[in-house]
Amino acid sequence: MVTLDVRPRLIDALSVLRNRVDAARFPLPLRGAARARRNRAELLAQLDDYVIPRLRSPQAPLLAVIGGSTGAGKSTLVNSLVGRRVSEAGVLRPTTRTPVLVCHPDDLHWFAGPRVLPQLARVWVPEQDDGGEGEYAAGGGLGRGDYGVGVHGVGGPAAGGGRAVVGGQGARMTNGAGAERGPHGGHGVEACQEGHGGAHGVVGARGVGAAGCEASEASASEVYREREAEGAGDGYGAYDGVGGGSGAGLGREGGAAAVGGGAEAGMLTVRIETDPALPSGLALLDAPDIDSLVARNRELAAELICAADVWVLVTTAARYADAVPWHLLRTAKEYDVTLVTVLDRVPHQIATDISGRYAELLQRAGLGHVPRFTIPELPESAGGGSGLLPATAVAALRGWLERHAQDPVARAAAAERTAAGVIASLRSRLPALAGAAAAQHAAALRLAGRVEEAYERAAERVRQEVAAGEVLSGDARAHWRDHGLDGRSDELLDALTDGLTSLLTCAVDEADERAADAWRRDPAAAEVSLTAAAGASGAGGRLGVIVRRWRRCLEELAEEETREARAGQAGERAGSVEPEESAALLATALLGGRRARTAGENLADLLGAQTALRLCERGGRLLAVYLERALDGERERRLAPLDQLTVPLDQQAELIAALSVVQREKQKEKPEGTEKERPREQRQAEERARAMEKEEVSG
């Protein structure tokens, strides 16, 4: 078998690139940020769900995702390709909410685990023996009969795969439920001949409880009611209420939710079905509508398409020119994926005309080479009857898919083309993401710069007003006048402390107003609050605490110098001066500016000129430190909202560097031992496929 010849270094390089993309953030509402977030999510989906898994497992089955707009007939097409109803089709829109993946039983192991679509929990139904008849309850579309449903948790067995089982005889589940299989293993059960239920799933009828003891119908119903009260609702499971037990109907009647705890957590699921009628090496996935009114359905449809080896786009004669399918077609062309289009529900009378117009549109878009299949309008197309189209209506498409699945060369060529196309698209997509990341970082710096500038001006204002003696005003000035008339030193210190706190608070308020005004004019700050997260309303209290700390340090400094002055008897009254008096004079000299010239002279008389000079120098440095600390603390609080946005400094450089490594490793990738033969084989396979496709299209 021909496989993709990929060296591990390319996979490693892609894994590093994937991590860089995952780390990229675009939180600021800049122009193009929403597009960058969508591109990031789409790229992650393609790398996680398709490129890296495909390169690691080149021999895995070909996955064809059936996608299209609402009412295009995707589910009917999937059912008809398989030969039985595996996906619910009907007139209500949207019908397909939970994706359904169908594969050959021998290929189940490729999809039962998290190799592809790791974010989706697996809910699967074993192979049926009745050919599909009676598989769904009338009007409900709910599983019944002798088979149950199992769950494979997200992330594989270690994450708790197989958390619940419901069903009748022969109930099974993926990755069993032994205690060694993950954190929920102890609550699960092994498969046997009765309906089973664990701590995260309940079975109606004769169930076996979590402890492995048989439960009566009453006790099972009681447990079910408890689960319902906890949020299981009507007992609908991860894929619309699959029930178990013999002759089960709605979830209320026949069993509890299929995934129990997983459904309660809002876990997304994919339903796995197997059918031997599908050739080995091919899997079909029925995706939700790409134009669904439900946003999560649209996002899930896009993620599923990103996991495809082959995109099968289904549109109708009435909607083939709509914008939504053409956006998907342009994306497929951009990524150079393996693409097939199906023109469904075409009236016989205008089939030639509509098909020709559609072909012309494809040709104009540079997609004339894309295989086209036309399906006529039939009663089954509307969901009536058995819901299956005649085999002849889908024979051409089925033949194309089977050839690409069974021919090793064609299969490898289809998968390699899609993978190579996605990798090649990184050349344009990564620089775009890097550019958006650079814009985010620049905007964050710009917003931070506005705050920095405002607080620099606030710091300058504080320095100027302290030098001008603005603190020595009001009550502080009155206490200073009384100080010479036997006023109390502690009252003067209190007034100076309050004055300095008021000065700092006014400066911070002005800086906040200036920064907020600048942010209001900047679109990048539309969703960022400058003051709410910063707790600006409590600035006065925080600044008061810092000023009081400064006062204590100043008093300790004055006490130290006063003690030394006493020891040396440096001043005229050094032996009788109190430390509090020295601290009051020092604070007045530092904060009073030109208004308090006599404070320095009085301090020199008390402690001596040299000691007073040294004390004023040390006190000035201490004041500068605390003023800077106060303003820096408030500035950092205003910058906290930006820090919480996590705009990495070097995400642009890391994205470009990771892309460079991938491109270098990709250039080194050459088939080993078949450099000349393999391209020729691929060309021959592609030529055979194109010839057959032309015959089918012309037919």
# chains A, B, ... in the order shown; residues from 1 in each chain; ligands from 1

$ residues_around --residues "region 619-631 of chain A" --least-positions-apart "6" --cutoff "9 Å" --atoms "only C-alpha atoms" --output "ChimeraX atom specification"
/A:455-456,458-459,462-463,504,507-508,542-543,546-547,549-550,553-554,557-558,586-587,590

$ write_last_selection --atoms "N, CA, C and O atoms" --output "PDB file, in the first residue's frame"
ATOM      1  N   TYR A 455      -0.150  59.023  34.062  1.00  0.00           N
ATOM      2  CA  TYR A 455       0.438  58.935  35.399  1.00  0.00           C
ATOM      3  C   TYR A 455       1.791  59.624  35.491  1.00  0.00           C
ATOM      4  O   TYR A 455       2.194  60.066  36.578  1.00  0.00           O
ATOM      5  N   GLU A 456       2.495  59.733  34.391  1.00  0.00           N
ATOM      6  CA  GLU A 456       3.718  60.548  34.405  1.00  0.00           C
ATOM      7  C   GLU A 456       3.372  62.014  34.655  1.00  0.00           C
ATOM      8  O   GLU A 456       4.071  62.710  35.405  1.00  0.00           O
ATOM      9  N   ALA A 458       0.736  62.985  36.224  1.00  0.00           N
ATOM     10  CA  ALA A 458       0.298  63.060  37.618  1.00  0.00           C
ATOM     11  C   ALA A 458       1.490  63.142  38.565  1.00  0.00           C
ATOM     12  O   ALA A 458       1.475  63.913  39.544  1.00  0.00           O
ATOM     13  N   ALA A 459       2.525  62.360  38.281  1.00  0.00           N
ATOM     14  CA  ALA A 459       3.723  62.398  39.123  1.00  0.00           C
ATOM     15  C   ALA A 459       4.391  63.768  39.058  1.00  0.00           C
ATOM     16  O   ALA A 459       4.852  64.298  40.086  1.00  0.00           O
ATOM     17  N   VAL A 462       2.408  66.213  41.173  1.00  0.00           N
ATOM     18  CA  VAL A 462       2.643  66.030  42.604  1.00  0.00           C
ATOM     19  C   VAL A 462       3.982  66.648  43.000  1.00  0.00           C
ATOM     20  O   VAL A 462       4.086  67.346  44.028  1.00  0.00           O
ATOM     21  N   ARG A 463       5.013  66.422  42.207  1.00  0.00           N
ATOM     22  CA  ARG A 463       6.328  66.985  42.538  1.00  0.00           C
ATOM     23  C   ARG A 463       6.276  68.513  42.569  1.00  0.00           C
ATOM     24  O   ARG A 463       6.840  69.153  43.465  1.00  0.00           O
ATOM     25  N   LEU A 504      -2.434  63.444  46.475  1.00  0.00           N
ATOM     26  CA  LEU A 504      -2.250  62.238  45.669  1.00  0.00           C
ATOM     27  C   LEU A 504      -3.574  61.764  45.070  1.00  0.00           C
ATOM     28  O   LEU A 504      -3.631  61.351  43.909  1.00  0.00           O
ATOM     29  N   ALA A 507      -4.496  63.898  42.136  1.00  0.00           N
ATOM     30  CA  ALA A 507      -3.620  63.613  40.993  1.00  0.00           C
ATOM     31  C   ALA A 507      -4.017  62.310  40.313  1.00  0.00           C
ATOM     32  O   ALA A 507      -4.038  62.207  39.076  1.00  0.00           O
ATOM     33  N   VAL A 508      -4.365  61.299  41.102  1.00  0.00           N
ATOM     34  CA  VAL A 508      -4.776  60.015  40.533  1.00  0.00           C
ATOM     35  C   VAL A 508      -6.108  60.152  39.798  1.00  0.00           C
ATOM     36  O   VAL A 508      -6.287  59.608  38.701  1.00  0.00           O
ATOM     37  N   ARG A 542      -6.453  53.497  49.672  1.00  0.00           N
ATOM     38  CA  ARG A 542      -5.137  52.885  49.449  1.00  0.00           C
ATOM     39  C   ARG A 542      -4.019  53.918  49.571  1.00  0.00           C
ATOM     40  O   ARG A 542      -2.962  53.640  50.138  1.00  0.00           O
ATOM     41  N   LEU A 543      -4.249  55.095  49.018  1.00  0.00           N
ATOM     42  CA  LEU A 543      -3.231  56.139  49.100  1.00  0.00           C
ATOM     43  C   LEU A 543      -3.030  56.595  50.542  1.00  0.00           C
ATOM     44  O   LEU A 543      -1.897  56.885  50.964  1.00  0.00           O
ATOM     45  N   ILE A 546      -0.645  54.241  52.287  1.00  0.00           N
ATOM     46  CA  ILE A 546       0.751  54.446  51.901  1.00  0.00           C
ATOM     47  C   ILE A 546       1.318  55.696  52.565  1.00  0.00           C
ATOM     48  O   ILE A 546       2.467  55.713  53.041  1.00  0.00           O
ATOM     49  N   VAL A 547       0.526  56.774  52.629  1.00  0.00           N
ATOM     50  CA  VAL A 547       1.007  58.011  53.253  1.00  0.00           C
ATOM     51  C   VAL A 547       1.255  57.804  54.739  1.00  0.00           C
ATOM     52  O   VAL A 547       2.235  58.309  55.306  1.00  0.00           O
ATOM     53  N   ARG A 549       2.126  55.017  56.127  1.00  0.00           N
ATOM     54  CA  ARG A 549       3.378  54.250  56.235  1.00  0.00           C
ATOM     55  C   ARG A 549       4.578  55.180  56.102  1.00  0.00           C
ATOM     56  O   ARG A 549       5.583  55.031  56.800  1.00  0.00           O
ATOM     57  N   TRP A 550       4.462  56.120  55.177  1.00  0.00           N
ATOM     58  CA  TRP A 550       5.548  57.093  55.015  1.00  0.00           C
ATOM     59  C   TRP A 550       5.754  57.883  56.296  1.00  0.00           C
ATOM     60  O   TRP A 550       6.881  58.148  56.714  1.00  0.00           O
ATOM     61  N   CYS A 553       7.629  55.817  58.854  1.00  0.00           N
ATOM     62  CA  CYS A 553       9.054  55.747  58.513  1.00  0.00           C
ATOM     63  C   CYS A 553       9.748  57.079  58.789  1.00  0.00           C
ATOM     64  O   CYS A 553      10.907  57.119  59.237  1.00  0.00           O
ATOM     65  N   LEU A 554       9.034  58.183  58.523  1.00  0.00           N
ATOM     66  CA  LEU A 554       9.615  59.504  58.772  1.00  0.00           C
ATOM     67  C   LEU A 554       9.834  59.716  60.261  1.00  0.00           C
ATOM     68  O   LEU A 554      10.876  60.263  60.689  1.00  0.00           O
ATOM     69  N   LEU A 557      12.847  57.766  61.329  1.00  0.00           N
ATOM     70  CA  LEU A 557      14.054  58.441  60.866  1.00  0.00           C
ATOM     71  C   LEU A 557      14.375  59.634  61.759  1.00  0.00           C
ATOM     72  O   LEU A 557      15.544  59.845  62.159  1.00  0.00           O
ATOM     73  N   ALA A 558      13.345  60.436  62.100  1.00  0.00           N
ATOM     74  CA  ALA A 558      13.556  61.604  62.964  1.00  0.00           C
ATOM     75  C   ALA A 558      14.007  61.172  64.356  1.00  0.00           C
ATOM     76  O   ALA A 558      14.884  61.813  64.974  1.00  0.00           O
ATOM     77  N   LEU A 586      10.387  68.255  60.255  1.00  0.00           N
ATOM     78  CA  LEU A 586      10.893  67.641  59.028  1.00  0.00           C
ATOM     79  C   LEU A 586       9.783  67.503  57.993  1.00  0.00           C
ATOM     80  O   LEU A 586       9.975  67.839  56.812  1.00  0.00           O
ATOM     81  N   ALA A 587       8.614  67.027  58.400  1.00  0.00           N
ATOM     82  CA  ALA A 587       7.497  66.878  57.469  1.00  0.00           C
ATOM     83  C   ALA A 587       7.077  68.229  56.909  1.00  0.00           C
ATOM     84  O   ALA A 587       6.770  68.368  55.714  1.00  0.00           O
ATOM     85  N   LEU A 590       9.612  69.344  54.316  1.00  0.00           N
ATOM     86  CA  LEU A 590       9.541  68.575  53.069  1.00  0.00           C
ATOM     87  C   LEU A 590       8.293  68.910  52.260  1.00  0.00           C
ATOM     88  O   LEU A 590       8.338  68.919  51.025  1.00  0.00           O
TER      89      LEU A 590
END

$ residues_around --residues "Gln663 (chain A)" --least-positions-apart "5" --cutoff "12 Å" --atoms "only C-alpha atoms" --output "ChimeraX atom specification"
/A:9-11,13-14,17,420,423-427,430,656-658,668-669

$ closest_residue --among "A:Ala434, A:Ala317, A:Leu397, A:Leu300" --to "Ala351 (chain A)" --atoms "only C-alpha atoms"
A:Ala317

$ select_by_dssp --residues "region 25-101 of chain A" --states "strand (DSSP E or B)" --output "list in words"
Leu62, Leu63, Ala64, Val65, Ile66, Gly67, Gly68, Val100 and Leu101 of chain A

$ write_last_selection --atoms "N, CA, C and O atoms" --output "compact mmCIF listing (two decimals), in the first residue's frame"
# COMPACT_ATOMS: atom_id res chain seq x y z
N LEU A 62 -10.44 6.66 4.55
CA LEU A 62 -10.76 7.95 3.96
C LEU A 62 -12.06 8.46 4.58
O LEU A 62 -13.05 7.75 4.60
N LEU A 63 -12.03 9.67 5.10
CA LEU A 63 -13.22 10.25 5.73
C LEU A 63 -13.83 11.28 4.79
O LEU A 63 -13.21 12.29 4.47
N ALA A 64 -15.04 11.00 4.34
CA ALA A 64 -15.77 11.91 3.46
C ALA A 64 -16.86 12.58 4.28
O ALA A 64 -17.77 11.91 4.79
N VAL A 65 -16.78 13.90 4.42
CA VAL A 65 -17.77 14.65 5.18
C VAL A 65 -18.81 15.19 4.21
O VAL A 65 -18.48 15.87 3.24
N ILE A 66 -20.06 14.87 4.50
CA ILE A 66 -21.18 15.33 3.67
C ILE A 66 -21.69 16.62 4.29
O ILE A 66 -22.28 16.62 5.37
N GLY A 67 -21.45 17.74 3.62
CA GLY A 67 -21.84 19.04 4.15
C GLY A 67 -22.69 19.80 3.16
O GLY A 67 -22.73 19.49 1.97
N GLY A 68 -23.39 20.78 3.67
CA GLY A 68 -24.24 21.60 2.81
C GLY A 68 -25.19 22.43 3.62
O GLY A 68 -25.16 22.42 4.86
N VAL A 100 -23.36 12.22 12.51
CA VAL A 100 -23.38 10.76 12.46
C VAL A 100 -22.25 10.29 11.56
O VAL A 100 -22.14 10.74 10.41
N LEU A 101 -21.40 9.42 12.07
CA LEU A 101 -20.29 8.86 11.31
C LEU A 101 -20.57 7.38 11.07
O LEU A 101 -20.85 6.64 12.03

$ residues_around --residues "region 649-653 of chain A" --least-positions-apart "4" --cutoff "10 Å" --atoms "only C-alpha atoms" --output "number ranges by chain"
A: 20-21, 23-25, 430-442, 444-445, 657-659

$ write_last_selection --atoms "C-alpha atoms" --output "PDB file, in the first residue's frame"
ATOM      1  CA  ARG A  20       1.713  28.503  18.927  1.00  0.00           C
ATOM      2  CA  VAL A  21      -1.620  28.994  17.193  1.00  0.00           C
ATOM      3  CA  ALA A  23      -1.550  30.262  22.460  1.00  0.00           C
ATOM      4  CA  ALA A  24      -2.398  33.205  20.192  1.00  0.00           C
ATOM      5  CA  ARG A  25      -5.041  35.555  21.580  1.00  0.00           C
ATOM      6  CA  LEU A 430      -0.035  32.224   9.474  1.00  0.00           C
ATOM      7  CA  PRO A 431       1.270  35.654   8.394  1.00  0.00           C
ATOM      8  CA  ALA A 432      -2.308  36.930   8.601  1.00  0.00           C
ATOM      9  CA  LEU A 433      -2.616  35.579  12.149  1.00  0.00           C
ATOM     10  CA  ALA A 434       0.795  36.988  13.011  1.00  0.00           C
ATOM     11  CA  GLY A 435      -0.253  40.369  11.647  1.00  0.00           C
ATOM     12  CA  ALA A 436      -3.404  40.314  13.748  1.00  0.00           C
ATOM     13  CA  ALA A 437      -1.296  39.338  16.770  1.00  0.00           C
ATOM     14  CA  ALA A 438       1.054  42.242  16.091  1.00  0.00           C
ATOM     15  CA  ALA A 439      -1.920  44.599  15.858  1.00  0.00           C
ATOM     16  CA  GLN A 440      -3.206  43.297  19.193  1.00  0.00           C
ATOM     17  CA  HIS A 441       0.163  43.820  20.846  1.00  0.00           C
ATOM     18  CA  ALA A 442       0.528  47.289  19.350  1.00  0.00           C
ATOM     19  CA  ALA A 444      -2.223  46.929  24.030  1.00  0.00           C
ATOM     20  CA  LEU A 445       0.995  48.952  24.101  1.00  0.00           C
ATOM     21  CA  ALA A 657       9.202  31.094  13.507  1.00  0.00           C
ATOM     22  CA  ALA A 658       6.978  27.996  13.750  1.00  0.00           C
ATOM     23  CA  LEU A 659       5.824  28.511  10.153  1.00  0.00           C
TER      24      LEU A 659
END

$ residues_around --residues "Ala583 (chain A)" --least-positions-apart "5" --cutoff "9 Å" --atoms "only C-alpha atoms" --output "CSV table (one decimal) with C-alpha atoms, in the first residue's frame"
chain,number,residue,atom,x,y,z
A,489,SER,CA,3.2,68.3,66.9
A,493,LEU,CA,1.6,65.7,61.4
A,551,ARG,CA,4.8,59.0,58.2
A,554,LEU,CA,9.6,59.5,58.8
A,555,GLU,CA,9.0,59.4,62.5
A,556,GLU,CA,11.5,56.5,62.9
A,557,LEU,CA,14.1,58.4,60.9
A,558,ALA,CA,13.6,61.6,63.0
A,559,GLU,CA,13.8,59.6,66.2
A,578,GLU,CA,11.4,65.3,71.4
A,588,THR,CA,6.7,70.6,57.3

$ residues_around --residues "Leu367 (chain A)" --least-positions-apart "3" --cutoff "10 Å" --atoms "only C-alpha atoms" --output "count of residues only"
13

$ atom_distance --atom1 "CA of Ala393 (chain A)" --atom2 "CA of Pro376 (chain A)"
7.3 Å

$ residues_around --residues "region 283-289 of chain A" --least-positions-apart "2" --cutoff "9 Å" --atoms "only C-alpha atoms" --output "VMD selection string"
chain A and resid 61 to 72 74 to 75 78 81 to 82 87 94 to 104 107 278 to 281 291 to 293 297 to 298 300 to 302 304 to 305 308 405

$ closest_residue --among "A:Arg664, A:Arg37, A:Arg271, A:Arg85" --to "Val123 (chain A)" --atoms "only C-alpha atoms"
A:Arg271

$ select_by_dssp --residues "region 229-477 of chain A" --states "alpha helix (DSSP H)" --output "JSON list (two decimals) with C-alpha atoms, in the first residue's frame"
[["chain", "number", "residue", "atom", "x", "y", "z"],
["A", 251, "GLY", "CA", -36.42, 8.34, 26.92],
["A", 252, "ARG", "CA", -38.95, 8.69, 29.75],
["A", 253, "GLU", "CA", -40.37, 5.28, 28.98],
["A", 254, "GLY", "CA", -37.37, 3.23, 28.02],
["A", 261, "GLY", "CA", -22.79, 12.97, 33.04],
["A", 262, "GLY", "CA", -21.38, 13.93, 29.64],
["A", 263, "ALA", "CA", -24.70, 15.32, 28.46],
["A", 264, "GLU", "CA", -25.14, 17.27, 31.66],
["A", 295, "ALA", "CA", -24.55, 29.17, 15.91],
["A", 296, "ARG", "CA", -23.06, 26.07, 17.57],
["A", 297, "ASN", "CA", -24.35, 23.90, 14.72],
["A", 298, "ARG", "CA", -22.62, 26.14, 12.19],
["A", 299, "GLU", "CA", -19.38, 26.04, 14.16],
["A", 300, "LEU", "CA", -19.58, 22.25, 14.52],
["A", 301, "ALA", "CA", -20.24, 21.85, 10.79],
["A", 302, "ALA", "CA", -17.13, 23.90, 10.01],
["A", 303, "GLU", "CA", -15.05, 21.81, 12.45],
["A", 304, "LEU", "CA", -16.25, 18.57, 10.87],
["A", 305, "ILE", "CA", -15.44, 19.76, 7.37],
["A", 306, "CYS", "CA", -11.95, 20.57, 8.59],
["A", 323, "ALA", "CA", -23.62, 32.60, -0.96],
["A", 324, "VAL", "CA", -23.12, 29.98, 1.78],
["A", 325, "PRO", "CA", -22.21, 26.98, -0.39],
["A", 326, "TRP", "CA", -20.03, 29.17, -2.59],
["A", 327, "HIS", "CA", -18.11, 30.42, 0.41],
["A", 328, "LEU", "CA", -17.40, 26.78, 1.22],
["A", 329, "LEU", "CA", -16.34, 26.10, -2.38],
["A", 330, "ARG", "CA", -13.96, 29.07, -2.38],
["A", 331, "THR", "CA", -12.47, 27.88, 0.90],
["A", 332, "ALA", "CA", -11.96, 24.41, -0.59],
["A", 333, "LYS", "CA", -10.22, 25.93, -3.58],
["A", 334, "GLU", "CA", -8.02, 28.06, -1.33],
["A", 335, "TYR", "CA", -6.91, 24.99, 0.64],
["A", 351, "ALA", "CA", -32.00, 18.88, -15.20],
["A", 352, "THR", "CA", -29.84, 19.61, -18.26],
["A", 353, "ASP", "CA", -30.29, 23.37, -17.97],
["A", 354, "ILE", "CA", -29.58, 23.54, -14.21],
["A", 355, "SER", "CA", -26.62, 21.18, -14.43],
["A", 356, "GLY", "CA", -25.14, 23.27, -17.24],
["A", 357, "ARG", "CA", -25.52, 26.50, -15.32],
["A", 358, "TYR", "CA", -23.95, 25.00, -12.24],
["A", 359, "ALA", "CA", -21.04, 23.69, -14.31],
["A", 360, "GLU", "CA", -20.56, 27.15, -15.79],
["A", 361, "LEU", "CA", -20.44, 28.75, -12.34],
["A", 362, "LEU", "CA", -17.88, 26.19, -11.20],
["A", 363, "GLN", "CA", -15.80, 26.84, -14.31],
["A", 364, "ARG", "CA", -15.80, 30.58, -13.68],
["A", 391, "ALA", "CA", -29.55, 2.83, -5.68],
["A", 392, "THR", "CA", -29.27, 4.06, -9.26],
["A", 393, "ALA", "CA", -29.65, 7.70, -8.13],
["A", 394, "VAL", "CA", -26.49, 7.55, -6.01],
["A", 395, "ALA", "CA", -24.58, 4.86, -7.93],
["A", 396, "ALA", "CA", -22.19, 7.31, -9.59],
["A", 397, "LEU", "CA", -21.24, 9.06, -6.34],
["A", 398, "ARG", "CA", -20.97, 5.77, -4.48],
["A", 399, "GLY", "CA", -18.72, 4.40, -7.20],
["A", 400, "TRP", "CA", -16.45, 7.45, -7.03],
["A", 401, "LEU", "CA", -16.12, 7.15, -3.25],
["A", 402, "GLU", "CA", -15.53, 3.39, -3.38],
["A", 403, "ARG", "CA", -12.80, 3.72, -6.01],
["A", 404, "HIS", "CA", -10.95, 6.34, -3.97],
["A", 405, "ALA", "CA", -11.31, 4.24, -0.83],
["A", 406, "GLN", "CA", -10.30, 0.90, -2.33],
["A", 408, "PRO", "CA", -4.56, 2.53, -2.55],
["A", 409, "VAL", "CA", -2.95, 5.01, -4.93],
["A", 410, "ALA", "CA", -6.11, 7.09, -5.42],
["A", 411, "ARG", "CA", -6.87, 6.95, -1.72],
["A", 412, "ALA", "CA", -3.40, 8.14, -0.75],
["A", 413, "ALA", "CA", -3.48, 10.82, -3.45],
["A", 414, "ALA", "CA", -6.82, 12.20, -2.19],
["A", 415, "ALA", "CA", -5.66, 12.30, 1.42],
["A", 416, "GLU", "CA", -2.24, 13.67, 0.56],
["A", 417, "ARG", "CA", -3.71, 16.40, -1.61],
["A", 418, "THR", "CA", -5.96, 17.64, 1.18],
["A", 419, "ALA", "CA", -3.19, 17.49, 3.80],
["A", 420, "ALA", "CA", -0.68, 19.15, 1.49],
["A", 421, "GLY", "CA", -3.24, 21.80, 0.58],
["A", 422, "VAL", "CA", -3.83, 22.71, 4.21],
["A", 423, "ILE", "CA", -0.09, 22.83, 4.92],
["A", 424, "ALA", "CA", 0.48, 24.98, 1.84],
["A", 425, "SER", "CA", -2.27, 27.34, 2.96],
["A", 426, "LEU", "CA", -0.24, 28.09, 6.09],
["A", 427, "ARG", "CA", 1.98, 30.35, 3.97],
["A", 428, "SER", "CA", -0.82, 32.90, 3.79],
["A", 429, "ARG", "CA", -2.83, 32.07, 6.90],
["A", 430, "LEU", "CA", -0.04, 32.22, 9.47],
["A", 431, "PRO", "CA", 1.27, 35.65, 8.39],
["A", 432, "ALA", "CA", -2.31, 36.93, 8.60],
["A", 433, "LEU", "CA", -2.62, 35.58, 12.15],
["A", 434, "ALA", "CA", 0.79, 36.99, 13.01],
["A", 435, "GLY", "CA", -0.25, 40.37, 11.65],
["A", 436, "ALA", "CA", -3.40, 40.31, 13.75],
["A", 437, "ALA", "CA", -1.30, 39.34, 16.77],
["A", 438, "ALA", "CA", 1.05, 42.24, 16.09],
["A", 439, "ALA", "CA", -1.92, 44.60, 15.86],
["A", 440, "GLN", "CA", -3.21, 43.30, 19.19],
["A", 441, "HIS", "CA", 0.16, 43.82, 20.85],
["A", 442, "ALA", "CA", 0.53, 47.29, 19.35],
["A", 443, "ALA", "CA", -2.96, 48.24, 20.54],
["A", 444, "ALA", "CA", -2.22, 46.93, 24.03],
["A", 445, "LEU", "CA", 0.99, 48.95, 24.10],
["A", 446, "ARG", "CA", -0.88, 52.01, 22.86],
["A", 447, "LEU", "CA", -3.52, 51.71, 25.57],
["A", 448, "ALA", "CA", -0.87, 51.10, 28.21],
["A", 449, "GLY", "CA", 1.02, 54.13, 26.89],
["A", 450, "ARG", "CA", -2.03, 56.32, 27.47],
["A", 451, "VAL", "CA", -2.11, 55.24, 31.11],
["A", 452, "GLU", "CA", 1.64, 55.64, 31.48],
["A", 453, "GLU", "CA", 1.51, 59.13, 30.03],
["A", 454, "ALA", "CA", -1.36, 60.16, 32.29],
["A", 455, "TYR", "CA", 0.44, 58.94, 35.40],
["A", 456, "GLU", "CA", 3.72, 60.55, 34.40],
["A", 457, "ARG", "CA", 1.88, 63.85, 34.24],
["A", 458, "ALA", "CA", 0.30, 63.06, 37.62],
["A", 459, "ALA", "CA", 3.72, 62.40, 39.12],
["A", 460, "GLU", "CA", 5.04, 65.68, 37.73],
["A", 461, "ARG", "CA", 2.04, 67.53, 39.16],
["A", 462, "VAL", "CA", 2.64, 66.03, 42.60],
["A", 463, "ARG", "CA", 6.33, 66.99, 42.54],
["A", 464, "GLN", "CA", 5.54, 70.54, 41.52],
["A", 465, "GLU", "CA", 2.81, 71.04, 44.10],
["A", 466, "VAL", "CA", 4.91, 69.58, 46.88],
["A", 467, "ALA", "CA", 7.77, 71.91, 45.92],
["A", 475, "ASP", "CA", -5.88, 72.85, 58.18],
["A", 476, "ALA", "CA", -2.18, 72.09, 57.79],
["A", 477, "ARG", "CA", -1.35, 75.79, 57.40]]
